[in-house]
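Below: one structure, written as structure tokens.
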Amino acid sequence: MKKLPKLSKKVCINAKKVPVTLPKCPPPVLTLNNGIKMPSFGLGTWLAPPGEVGEVVKQAIEVGYRLFDCAWLYGNEKEIGEGLRSKISEGSVYREDLFICTKLWNTFHEQEKVVPACRASLKNFGLNYLDLYLIHFPTAQKGRRVNPKLPFKNAENLDYDYVKTWKGMEECVKLGLTKSIGISNFNSQQVMRVLDNCDITPVINQIEVTPFLPQHKLIKFCKSNFIEIMGYSPLGSPARPWAKPDDKMLSLEDPTLINIGERYKKSGSQVVLRYVFQLGTIPIPKTSNLQRLKHNISIFDFELDHNEMCAINQAFKNGVRVCHAEELKDNIHYPFHLVEE
């Protein structure tokens with residue numbers, strides 16, 4: 001793959017050319033188990049509108065986002081890459097300041113397919129390397145995805161061991177295609193199998209984390225093994241295409257959230273994002289609205305106390321998993337049969 005020219009270290013932010021308004025209290029930076037630094041808050045890009053997501057990425061960089069969570073499945077890596085490269089080339093940000101994560105889809109689990117899939121994502125982005133590459137699910141499938149809104153359709157289950165897939169992920173690191181590797185939607189038993197059979201330890205397990213699904217046990221387990229948690233769908237993914245009319249929805253107007261928010265002059269959504277962060281995760285909410293981009297990242301100037309965290313736990317107990325991947329239930333490696341609450 002043709003390498004992109006590297007920006008000179010002498011290039012700096014040109015405030016007159018490209019205004020960059022960083023939040024007063026930016027997200028903290030954490031250190032992964034391989035020593036690499038990672039922002040503790042990011043932008044999710046699933047279902048980001050085609051034709052708009054590139055501009056959203058540029059706006060996000062301007063208001064302080066540095067972590068972008070992507071996936072081959074989402075079908076928008078090229079457009080996201082255009083937005084990223086635009087901000088790099090104009091001097092708003094260095095490539096080294098950004099943390100780009102994408103994911104290996106289920107249909108590329110065979111070990112020999114992993115490196116080519118990673119190279120394909122890099123070509124889509126127009127970047128020389130990824131910061132983080134994740135196995136999207138522990139479940140292998142045959143066929144190709146058609147619609148990111150219904151990701152498990154038009155593909156049949158494949159009995160393939162994700163430990164072999166992990167060996168392909170390790171090769172991506174050895175080839176310099178990605179700095180770090182991790183997993184997504186793995187339960188504790190599956191995480192342990194990877195740990196027992198790896199040469200390179202996963203740095204991240206990306207899982208659904210919401211007030212409905214706080215994942216206390218799985219978070220504690222991963223952190224005890226020096227694996228950080230990225231929390232997807234922190235606001236409950238109200239736009240998920242498979243939602244049924246009678247599905248329970250996470251109400252951001254819940255009295256518990258509103259009452260807590262009033263103490264800090266914060267909205268219900270900001271309280272939820274702060275809650276998910278304080279559970280010990282890296283929240284990655286998705287939005288395409290500039291004001292909500294600013295709103296979502298403005299959660300680092302207050303802290304919920306123990307009683308407030310407990311109140312949220314109590315208010316939303318007996319909730320639901322919104323990304324249940326029901327089409328994968330017959331897959332031998334379906335992760336959600338194991339109850340970990």
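Naming works like this for the structure tokens: A, B, ... for the chains as they're shown, residue 1 at the start of each chain, ligands 1 onward in shown order.
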Practice item. Fewer than 4 positions away in the same chain doesn't count, so skip those; otherwise give me all residues within 8 Å of Ile100 (chain A), counting only C-alpha atoms, as a list of chain:residue names. Key: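 With the cut-off at 8 Å, the set is A:Leu67, A:Phe68, A:Asp69, A:Cys70, A:Leu130, A:Asp131, A:Leu132.
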Please produce an output containing N, CA and C atoms for each residue in the selection, written as a JSON list (two decimals), in the first residue's frame.
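Contents of the output file result.json:
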[["chain", "number", "residue", "atom", "x", "y", "z"],
["A", 67, "LEU", "N", -10.48, 10.32, 19.69],
["A", 67, "LEU", "CA", -10.72, 8.89, 19.53],
["A", 67, "LEU", "C", -11.94, 8.68, 18.63],
["A", 68, "PHE", "N", -11.75, 7.88, 17.57],
["A", 68, "PHE", "CA", -12.84, 7.57, 16.64],
["A", 68, "PHE", "C", -12.98, 6.06, 16.54],
["A", 69, "ASP", "N", -14.17, 5.58, 16.87],
["A", 69, "ASP", "CA", -14.45, 4.15, 16.84],
["A", 69, "ASP", "C", -15.18, 3.80, 15.55],
["A", 70, "CYS", "N", -14.58, 2.95, 14.76],
["A", 70, "CYS", "CA", -15.10, 2.63, 13.43],
["A", 70, "CYS", "C", -15.16, 1.11, 13.27],
["A", 130, "LEU", "N", -3.23, 1.76, 11.98],
["A", 130, "LEU", "CA", -4.33, 1.92, 12.92],
["A", 130, "LEU", "C", -3.75, 2.04, 14.33],
["A", 131, "ASP", "N", -4.49, 2.66, 15.20],
["A", 131, "ASP", "CA", -4.10, 2.68, 16.61],
["A", 131, "ASP", "C", -4.63, 1.46, 17.34],
["A", 132, "LEU", "N", -5.78, 0.95, 16.88],
["A", 132, "LEU", "CA", -6.40, -0.19, 17.55],
["A", 132, "LEU", "C", -7.24, -0.97, 16.55]]
Exercise for review: Name all residues at most 12 Å from Asp247 (chain A) (count only C-alpha atoms; drop same-chain ones fewer than 6 positions away) and give them as JSON, numbers by chain.
Suggested key: {"A": [236, 237, 238, 240, 241, 319, 320, 321, 322]}
Pull N, CA and C atoms from the residues just selected and write them as a CSV table (one decimal), in the first residue's frame.
chain,number,residue,atom,x,y,z
A,236,GLY,N,-28.1,3.9,25.1
A,236,GLY,CA,-29.1,2.9,24.8
A,236,GLY,C,-29.5,2.7,23.4
A,237,SER,N,-28.8,3.3,22.4
A,237,SER,CA,-29.0,3.1,21.0
A,237,SER,C,-30.5,3.2,20.6
A,238,PRO,N,-31.1,4.4,20.8
A,238,PRO,CA,-32.5,4.5,20.5
A,238,PRO,C,-32.9,4.3,19.1
A,240,ARG,N,-31.6,2.0,17.0
A,240,ARG,CA,-31.2,0.7,16.5
A,240,ARG,C,-32.3,0.2,15.6
A,241,PRO,N,-32.0,-0.3,14.5
A,241,PRO,CA,-33.0,-0.7,13.5
A,241,PRO,C,-33.9,-1.9,13.9
A,319,GLY,N,-32.8,-4.1,33.4
A,319,GLY,CA,-32.9,-3.5,32.1
A,319,GLY,C,-32.7,-4.6,31.0
A,320,VAL,N,-32.3,-4.1,29.9
A,320,VAL,CA,-32.1,-5.0,28.7
A,320,VAL,C,-30.8,-4.8,28.0
A,321,ARG,N,-30.4,-5.8,27.3
A,321,ARG,CA,-29.3,-5.6,26.3
A,321,ARG,C,-29.9,-5.2,25.0
A,322,VAL,N,-29.3,-4.1,24.4
A,322,VAL,CA,-29.9,-3.6,23.2
A,322,VAL,C,-29.2,-4.2,22.0
Please identify every residue of region 254-315 of chain A that has at least one atom no farther than 12 Å from an atom of region 196-207 of chain A, counting only C-alpha atoms, and for each give the shortest atom pair and the distance in Å to one decimal, arranged by chain then increasing number, as JSON lines.
{"residue": "A:Val276", "atom": "CA", "partner": "A:Ile207", "partner_atom": "CA", "distance": 11.7}
{"residue": "A:Thr281", "atom": "CA", "partner": "A:Gln206", "partner_atom": "CA", "distance": 9.1}
{"residue": "A:Ile282", "atom": "CA", "partner": "A:Gln206", "partner_atom": "CA", "distance": 8.9}
{"residue": "A:Pro283", "atom": "CA", "partner": "A:Gln206", "partner_atom": "CA", "distance": 9.7}
{"residue": "A:Ile284", "atom": "CA", "partner": "A:Gln206", "partner_atom": "CA", "distance": 9.8}
Selection from above, C-alpha atoms, as an mmCIF file, in the first residue's frame, can you write it?
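Result saved to again-v8.cif:
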data_model
loop_
_atom_site.group_PDB
_atom_site.id
_atom_site.type_symbol
_atom_site.label_atom_id
_atom_site.label_comp_id
_atom_site.auth_asym_id
_atom_site.auth_seq_id
_atom_site.Cartn_x
_atom_site.Cartn_y
_atom_site.Cartn_z
ATOM 1 C CA VAL A 276 -20.759 4.972 32.127
ATOM 2 C CA THR A 281 -15.138 2.492 30.707
ATOM 3 C CA ILE A 282 -14.308 4.599 27.674
ATOM 4 C CA PRO A 283 -17.710 5.798 26.385
ATOM 5 C CA ILE A 284 -18.128 6.126 22.608
#
Report the closest atom pair, with its distance in Å rounded to one decimal, for each residue of region 30-106 of chain A that has an atom no farther than 10 Å from region 218-226 of chain A; count only C-alpha atoms, sort by chain and then rising residue number, and write it as JSON lines.
{"residue": "A:Leu32", "atom": "CA", "partner": "A:Phe226", "partner_atom": "CA", "distance": 7.9}
{"residue": "A:Asn33", "atom": "CA", "partner": "A:Phe226", "partner_atom": "CA", "distance": 6.1}
{"residue": "A:Asn34", "atom": "CA", "partner": "A:Phe226", "partner_atom": "CA", "distance": 9.7}
Selection file, N, CA and C atoms, as a short mmCIF file (atom, residue, chain, number, x, y, z; two decimals), in the first residue's frame:
data_model
loop_
_atom_site.label_atom_id
_atom_site.label_comp_id
_atom_site.auth_asym_id
_atom_site.auth_seq_id
_atom_site.Cartn_x
_atom_site.Cartn_y
_atom_site.Cartn_z
N LEU A 32 -2.59 2.12 28.09
CA LEU A 32 -2.97 0.73 27.88
C LEU A 32 -1.87 -0.20 28.38
N ASN A 33 -2.16 -1.49 28.40
CA ASN A 33 -1.20 -2.45 28.98
C ASN A 33 0.07 -2.61 28.16
N ASN A 34 0.09 -2.04 26.94
CA ASN A 34 1.31 -2.06 26.13
C ASN A 34 2.06 -0.73 26.19
#
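Among the residues of region 10-75 of chain A, backbone DSSP assigns helix (DSSP H, G or I) to Val53, Gly54, Glu55, Val56, Val57, Lys58, Gln59, Ala60, Ile61, Glu62, Trp72, Leu73 and Tyr74 of chain A.
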Point to revise | Spatial neighbours of Gly42 (chain A), max dist 12 Å, only C-alpha atoms, sep filter under 6 positions, as a PyMOL selection string | key: chain A and resi 26-29+57+60-61+63-70+98-101+230-234+273+277+281-287+293-294+296-298
Check your understanding: Within 7 Å of Leu134 (chain A), counting only C-alpha atoms, which residues qualify if same-chain residues fewer than 5 places away don't, as a list in words?
Key -> Thr102, Lys103, Leu104, Ile181, Gly182, Ile183 and Ser184 of chain A
Sort by chain and increasing residue number a table of all residues of region 75-144 of chain A within 7 Å of region 155-161 of chain A, each with its closest pair of atoms and their distance in Å to one decimal, counting only C-alpha atoms, and write it as CSV.
residue,atom,partner,partner_atom,distance
A:Ala140,CA,A:Leu158,CA,5.1
A:Gln141,CA,A:Asn157,CA,4.5
A:Lys142,CA,A:Glu156,CA,5.3
A:Gly143,CA,A:Ala155,CA,4.9
A:Arg144,CA,A:Ala155,CA,6.5
Practice item. Considering only C-alpha atoms, return as a list of chain:residue names whatever protein or nucleic-acid residues lie within 12 Å of Pro116 (chain A), sequence-local ones (same chain, fewer than 4 positions apart) excluded. Key: A:Met1, A:Leu104, A:Phe108, A:His109, A:Glu110, A:Gln111, A:Glu112, A:Ala120, A:Ser121, A:Leu122, A:Lys123, A:Gly168, A:Met169, A:Glu171, A:Cys172, A:Leu175, A:Leu177
Hey, can you spit out that residue selection with N, CA and C atoms as a PDB file, in the first residue's frame?
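This went into again.pdb:
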ATOM      1  N   MET A   1       0.842  -1.194   0.000  1.00  0.00           N
ATOM      2  CA  MET A   1       0.000   0.000   0.000  1.00  0.00           C
ATOM      3  C   MET A   1       0.876   1.244   0.000  1.00  0.00           C
ATOM      4  N   LEU A 104     -12.433  -5.999  12.761  1.00  0.00           N
ATOM      5  CA  LEU A 104     -12.481  -7.137  11.839  1.00  0.00           C
ATOM      6  C   LEU A 104     -13.874  -7.742  11.869  1.00  0.00           C
ATOM      7  N   PHE A 108     -14.342 -12.509   8.152  1.00  0.00           N
ATOM      8  CA  PHE A 108     -12.902 -12.538   7.889  1.00  0.00           C
ATOM      9  C   PHE A 108     -12.132 -13.179   9.044  1.00  0.00           C
ATOM     10  N   HIS A 109     -12.765 -14.096   9.753  1.00  0.00           N
ATOM     11  CA  HIS A 109     -12.143 -14.688  10.938  1.00  0.00           C
ATOM     12  C   HIS A 109     -11.038 -15.679  10.629  1.00  0.00           C
ATOM     13  N   GLU A 110     -11.082 -16.338   9.470  1.00  0.00           N
ATOM     14  CA  GLU A 110     -10.023 -17.287   9.163  1.00  0.00           C
ATOM     15  C   GLU A 110      -8.672 -16.580   9.250  1.00  0.00           C
ATOM     16  N   GLN A 111      -7.711 -17.238   9.865  1.00  0.00           N
ATOM     17  CA  GLN A 111      -6.442 -16.591  10.186  1.00  0.00           C
ATOM     18  C   GLN A 111      -5.796 -15.940   8.971  1.00  0.00           C
ATOM     19  N   GLU A 112      -5.875 -16.586   7.834  1.00  0.00           N
ATOM     20  CA  GLU A 112      -5.223 -16.056   6.630  1.00  0.00           C
ATOM     21  C   GLU A 112      -5.945 -14.838   6.054  1.00  0.00           C
ATOM     22  N   ALA A 120      -7.181  -3.782   4.007  1.00  0.00           N
ATOM     23  CA  ALA A 120      -8.312  -3.196   3.292  1.00  0.00           C
ATOM     24  C   ALA A 120      -8.872  -1.998   4.051  1.00  0.00           C
ATOM     25  N   SER A 121      -8.976  -2.120   5.380  1.00  0.00           N
ATOM     26  CA  SER A 121      -9.453  -1.000   6.186  1.00  0.00           C
ATOM     27  C   SER A 121      -8.476   0.177   6.117  1.00  0.00           C
ATOM     28  N   LEU A 122      -7.180  -0.113   6.182  1.00  0.00           N
ATOM     29  CA  LEU A 122      -6.186   0.956   6.071  1.00  0.00           C
ATOM     30  C   LEU A 122      -6.297   1.668   4.725  1.00  0.00           C
ATOM     31  N   LYS A 123      -6.515   0.904   3.674  1.00  0.00           N
ATOM     32  CA  LYS A 123      -6.695   1.509   2.349  1.00  0.00           C
ATOM     33  C   LYS A 123      -7.932   2.384   2.326  1.00  0.00           C
ATOM     34  N   GLY A 168      -3.975 -14.157  13.800  1.00  0.00           N
ATOM     35  CA  GLY A 168      -3.936 -13.229  12.671  1.00  0.00           C
ATOM     36  C   GLY A 168      -3.870 -11.781  13.130  1.00  0.00           C
ATOM     37  N   MET A 169      -4.565 -11.470  14.223  1.00  0.00           N
ATOM     38  CA  MET A 169      -4.508 -10.126  14.783  1.00  0.00           C
ATOM     39  C   MET A 169      -3.088  -9.793  15.246  1.00  0.00           C
ATOM     40  N   GLU A 171      -0.399 -10.931  14.046  1.00  0.00           N
ATOM     41  CA  GLU A 171       0.419 -10.692  12.855  1.00  0.00           C
ATOM     42  C   GLU A 171       0.268  -9.259  12.364  1.00  0.00           C
ATOM     43  N   CYS A 172      -0.913  -8.680  12.531  1.00  0.00           N
ATOM     44  CA  CYS A 172      -1.132  -7.275  12.140  1.00  0.00           C
ATOM     45  C   CYS A 172      -0.217  -6.340  12.936  1.00  0.00           C
ATOM     46  N   LEU A 175       3.425  -6.744  11.708  1.00  0.00           N
ATOM     47  CA  LEU A 175       3.635  -6.106  10.405  1.00  0.00           C
ATOM     48  C   LEU A 175       3.543  -4.584  10.466  1.00  0.00           C
ATOM     49  N   LEU A 177       0.819  -2.834  11.009  1.00  0.00           N
ATOM     50  CA  LEU A 177      -0.456  -2.338  10.481  1.00  0.00           C
ATOM     51  C   LEU A 177      -1.283  -1.666  11.566  1.00  0.00           C
TER      52      LEU A 177
END
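The set of residues in region 42-158 of chain A assigned to strand (DSSP E) by DSSP, using only backbone atoms of this structure, is Gly42, Leu43, Gly44, Leu67, Phe68, Asp69, Phe99, Ile100, Cys101, Thr102, Lys103, Leu104, Leu130, Asp131, Leu132, Tyr133, Leu134, Ile135, Ala140, Gln141, Lys142, Glu156, Asn157 and Leu158 of chain A.
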Study note, to complete from the structure: Between CA of Ser92 (chain A) and CA of Ile36 (chain A) lies a distance of 22.2 Å
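When only C-alpha atoms are used to measure the gap to Arg95 (chain A), the shortest distance among A:Lys37, A:Leu127, A:Arg274, A:Asn313 belongs to A:Leu127.
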**Study point:** Nearest to Val272 (chain A) by atom-to-atom distance, counting only C-alpha atoms, from A:His333, A:Ile229, A:Val209, A:Lys113
**Key:**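 Ranking A:His333, A:Ile229, A:Val209, A:Lys113 by distance to Val272 (chain A), first place goes to A:Val209.
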Exercise for review: Please measure the separation of CA of His306 (chain A) and CA of Leu30 (chain A), giving the value in Å to one decimal.
Suggested key: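 CA of Leu30 (chain A) lies at a distance of 22.4 Å from CA of His306 (chain A).
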